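Participant: Got a structure for you, written out below as structure tokens; questions coming shortly.
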Amino acid sequence: MPSLTGKSCIVTGASSGIGLAVARRFAQDGANIALVGRSASKLEAAARSMDSFPGRRVIVQADVTQEVETQRLVQQTLGEFGALDVLVNAAGAAYFLPIAETTLDQWDEVLDTNLKAVFLLCRLVTPPMLAAGHGDIVNIASIAAHQGFDGGTAYCASKHGLLGFSRALALEVRRQGLRVITVSPGSVDTPLWDPMEWSPDRAKMLHPEDVAEAVFGSLTFSGNASVDELIVMPRDGVL
Ligand SMILES: NC(=O)c1ccc[n+]([C@@H]2O[C@H](COP(=O)([O-])OP(=O)(O)OC[C@H]3O[C@@H](n4cnc5c(N)ncnc54)[C@H](OP(=O)(O)O)[C@@H]3O)[C@@H](O)[C@H]2O)c1
């Protein structure tokens with residue numbers, strides 16, 4: 001079974017929720033990880049929670065919606081680890097509002113974080129991965145990539161866009177050794193829901209560790225296969 005031991009990974013959104021759980025799962029397997037987010041204190045706490053695991057962690061404080069910051073984070077990762085094997089795009093933003101109450105700033109934040117940032121990072125990591133002849137990109141989409149949700153115009157647009165982007169990129173790079181894996185979870189009990197006025201029953205949601213296990217399993221179950229797309233739902237379905 002392939003392993004992530006010693007692999008060089010970037011995980012965006014690594015300070016909270018799904019990204020944090022993914023980073024912790026990779027760290028348990030001995031991966032070297034660049035932990036990316038905007039809040040240094042949250043990243044430091046995340047890194048501390050992995051102190052007992054093998055492998056190395058570096059904190060990269062960066063806003064992934066900003067091109068220069070994505071350039072710096074990829075250069076820093078390559079400088080620290082000398083290679084780049086895995087990119088996980090887990091940074092995300094969400095608002096659920098009627099369209100008339102959705103501001104342009106909220107629209108831009110959601111589209112920039114969930115879609116533009118993934119484009120920026122994939123554009124940067126594919127040349128070194130193609131030069132190495134291997135590399136895995138995992139994009140955390142959502143069940144909102146596959147269906148509409150009332151109040152979710154911006155979020156659904158960003159995730160439908162991300163699914164289309166991932167499908168096209170997978171076709172572009174797969175014959176040259178790269179895998180692009182799109183993981184679409186249903187609702188997951190993370191801090192993303194904290195500011196929302198309404199949420200589904202959080203006790204019935206997936207745990208971030210469920211998604212992390214799906215990501216880890218997709219990357220490691222067989223080096224001969226590519227899990228192109230994976231939908232992971234709470235047992236009760238859409239809540
Ligand atoms: N929770 C769910 O029900 C659910 C379901 C399906 C899919 N998803 C998707 O899963 C992904 C992770 O969501 P989550 O629930 O884990 O959310 P979360 O707990 O709120 O975590 C979001 C993470 O993204 C980081 N982040 C946000 N904007 C950023 C930016 N501009 N630059 C760098 N980092 C940024 C945050 O750190 P800072 O704020 O410090 O930057 C944080 O680490 C998102 O794409 C989300 O759409 C979530």
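In the structure tokens, the first chain shown is A, the next is B, and so on; residue numbers restart at 1 for each chain, and ligands run from 1 in the order shown.
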Quick one: pick out all alpha helix (DSSP H) residues within region 83-125 of chain A from a backbone DSSP run and write them as a ChimeraX atom specification.

Facilitator: /A:104-111,117-125

Participant: Which protein, DNA or RNA residues have an atom within 6 Å of ligand 1, counting only C-alpha atoms and all ligand atoms, as a PyMOL selection string?

Facilitator: chain A and resi 12-19+37-39+62-65+90-93+113-114+140-142+185-192

Participant: Nearest residue to Met233 (chain A) out of A:Thr70, A:Gln106, A:Gln176, A:Ser184, using only C-alpha atoms?

Facilitator: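 Of the candidates, the smallest distance to Met233 (chain A) is held by A:Ser184.
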
Participant: For region 140-216 of chain A against region 125-130 of chain A, with a cut-off of 10 Å and counting only C-alpha atoms, what is the closest atom pair and its distance in Å to one decimal for every residue that makes the cut, ordered by chain and number, as a Markdown table?

Facilitator:
| residue | atom | partner | partner_atom | distance |
| --- | --- | --- | --- | --- |
| A:Leu169 | CA | A:Thr126 | CA | 9.8 |
| A:Val173 | CA | A:Leu130 | CA | 7.9 |
| A:Arg174 | CA | A:Leu130 | CA | 9.9 |
| A:Gln176 | CA | A:Leu130 | CA | 6.6 |
| A:Gly177 | CA | A:Leu130 | CA | 7.2 |
| A:Leu178 | CA | A:Leu130 | CA | 7.2 |

Participant: Identify, with DSSP run on backbone atoms, the residues in region 89-229 of chain A assigned to strand (DSSP E), and express the list as number ranges by chain.

Facilitator: A: 89, 135-140, 178-185, 229

Participant: Pick out the closest residue to Cys122 (chain A) from this set: A:Arg202, A:Arg179, A:His146, A:Lys159. Count only C-alpha atoms.

Facilitator: A:Arg179

Participant: Env of Gln71 (chain A): 9 Å cut, atoms = only C-alpha atoms, seq-sep filter 4 positions within chain, self excluded. Answer as a list in words.

Facilitator: Gln66, Glu67, Gln75, Gln76, Leu120, Leu121 and Leu124 of chain A

Participant: Quick check, in Å to one decimal: how far apart do CA of Thr220 (chain A) and CA of Leu84 (chain A) lie?

Facilitator: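 We find that CA of Thr220 (chain A) and CA of Leu84 (chain A) lie 16.3 Å from each other.
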
Participant: Which residue out of A:Val22, A:Leu97, A:Leu4, A:Leu162 has the minimum interatomic distance to Thr182 (chain A) when only C-alpha atoms are used?

Facilitator: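 Using only C-alpha atoms, Thr182 (chain A) sits closest to A:Leu162.
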
Participant: Between CA of Phe96 (chain A) and CA of Thr153 (chain A), what is the spacing in Å?

Facilitator: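 Computing it gives 7.9 Å between the two atoms.
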
Participant: Between A:Trp198, A:Gly164, A:Gly148, A:Pro2, which one has atoms that come closest to Ala225 (chain A), using only C-alpha atoms?

Facilitator: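 Ranking A:Trp198, A:Gly164, A:Gly148, A:Pro2 by distance to Ala225 (chain A), first place goes to A:Pro2.
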
Participant: Just checking: using only C-alpha atoms, which residue out of A:Phe149, A:Ala117, A:Pro54, A:Ala40 ends up closest to Glu69 (chain A)?

Facilitator: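 Among the listed residues, A:Ala117 lies closest to Glu69 (chain A).
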
Participant: Excluding same-chain residues fewer than 5 positions from Glu80 (chain A), what lies within 10 Å of it counting only C-alpha atoms, as number ranges by chain?

Facilitator: A: 8, 32-34, 56-58, 74-75

Participant: Near Leu87 (chain A), within 6 Å and counting only C-alpha atoms, which residues show up once chain neighbours fewer than 6 positions away are dropped, as a ChimeraX atom specification?

Facilitator: /A:9-10,137

Participant: Please indicate the distance in Å from CA of Asp201 (chain A) to CA of Leu239 (chain A), rounded to one decimal place.

Facilitator: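 According to the coordinates, CA of Asp201 (chain A) and CA of Leu239 (chain A) are separated by 7.0 Å.
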
Participant: Name the residues in contact with Tyr95 (chain A) at a cut-off of 9 Å, using only C-alpha atoms, excluding same-chain residues fewer than 5 positions from it; report them as a PyMOL selection string.

Facilitator: chain A and resi 102+106-107+110+151-155+196

Participant: Find the residues near Glu209 (chain A): any atom within 9 Å, counting only C-alpha atoms, skip ones fewer than 2 places away on the same chain, and give them as number ranges by chain.

Facilitator: A: 17-18, 20-22, 24-25, 206-207, 211-214

Participant: Please dump the current selection as a PDB file, in the first residue's frame; keep N, CA and C atoms.

Facilitator:
ATOM      1  N   GLY A  17     -11.159  22.562  10.899  1.00  0.00           N
ATOM      2  CA  GLY A  17     -12.099  21.693  10.194  1.00  0.00           C
ATOM      3  C   GLY A  17     -11.453  20.610   9.358  1.00  0.00           C
ATOM      4  N   ILE A  18     -11.865  20.534   8.108  1.00  0.00           N
ATOM      5  CA  ILE A  18     -11.440  19.444   7.222  1.00  0.00           C
ATOM      6  C   ILE A  18      -9.936  19.506   6.942  1.00  0.00           C
ATOM      7  N   LEU A  20      -7.547  20.772   8.737  1.00  0.00           N
ATOM      8  CA  LEU A  20      -6.812  20.364   9.943  1.00  0.00           C
ATOM      9  C   LEU A  20      -6.849  18.848  10.099  1.00  0.00           C
ATOM     10  N   ALA A  21      -8.011  18.254   9.900  1.00  0.00           N
ATOM     11  CA  ALA A  21      -8.116  16.790  10.038  1.00  0.00           C
ATOM     12  C   ALA A  21      -7.276  16.080   8.975  1.00  0.00           C
ATOM     13  N   VAL A  22      -7.263  16.612   7.752  1.00  0.00           N
ATOM     14  CA  VAL A  22      -6.441  16.030   6.680  1.00  0.00           C
ATOM     15  C   VAL A  22      -4.957  16.124   7.059  1.00  0.00           C
ATOM     16  N   ARG A  24      -3.617  16.374  10.002  1.00  0.00           N
ATOM     17  CA  ARG A  24      -3.318  15.464  11.109  1.00  0.00           C
ATOM     18  C   ARG A  24      -3.222  14.008  10.617  1.00  0.00           C
ATOM     19  N   ARG A  25      -4.125  13.629   9.685  1.00  0.00           N
ATOM     20  CA  ARG A  25      -4.075  12.251   9.166  1.00  0.00           C
ATOM     21  C   ARG A  25      -2.780  12.020   8.384  1.00  0.00           C
ATOM     22  N   LEU A 206     -21.221  14.621   9.171  1.00  0.00           N
ATOM     23  CA  LEU A 206     -19.928  13.947   9.143  1.00  0.00           C
ATOM     24  C   LEU A 206     -18.980  14.617  10.130  1.00  0.00           C
ATOM     25  N   HIS A 207     -17.978  13.879  10.578  1.00  0.00           N
ATOM     26  CA  HIS A 207     -16.876  14.471  11.332  1.00  0.00           C
ATOM     27  C   HIS A 207     -15.763  14.824  10.332  1.00  0.00           C
ATOM     28  N   VAL A 211     -13.856  12.818   6.528  1.00  0.00           N
ATOM     29  CA  VAL A 211     -13.404  13.332   5.226  1.00  0.00           C
ATOM     30  C   VAL A 211     -11.899  13.118   5.082  1.00  0.00           C
ATOM     31  N   ALA A 212     -11.178  13.344   6.181  1.00  0.00           N
ATOM     32  CA  ALA A 212      -9.719  13.149   6.139  1.00  0.00           C
ATOM     33  C   ALA A 212      -9.380  11.700   5.790  1.00  0.00           C
ATOM     34  N   GLU A 213     -10.143  10.772   6.340  1.00  0.00           N
ATOM     35  CA  GLU A 213      -9.886   9.353   6.053  1.00  0.00           C
ATOM     36  C   GLU A 213     -10.158   9.062   4.572  1.00  0.00           C
ATOM     37  N   ALA A 214     -11.208   9.692   4.021  1.00  0.00           N
ATOM     38  CA  ALA A 214     -11.518   9.502   2.596  1.00  0.00           C
ATOM     39  C   ALA A 214     -10.394  10.058   1.722  1.00  0.00           C
TER      40      ALA A 214
END
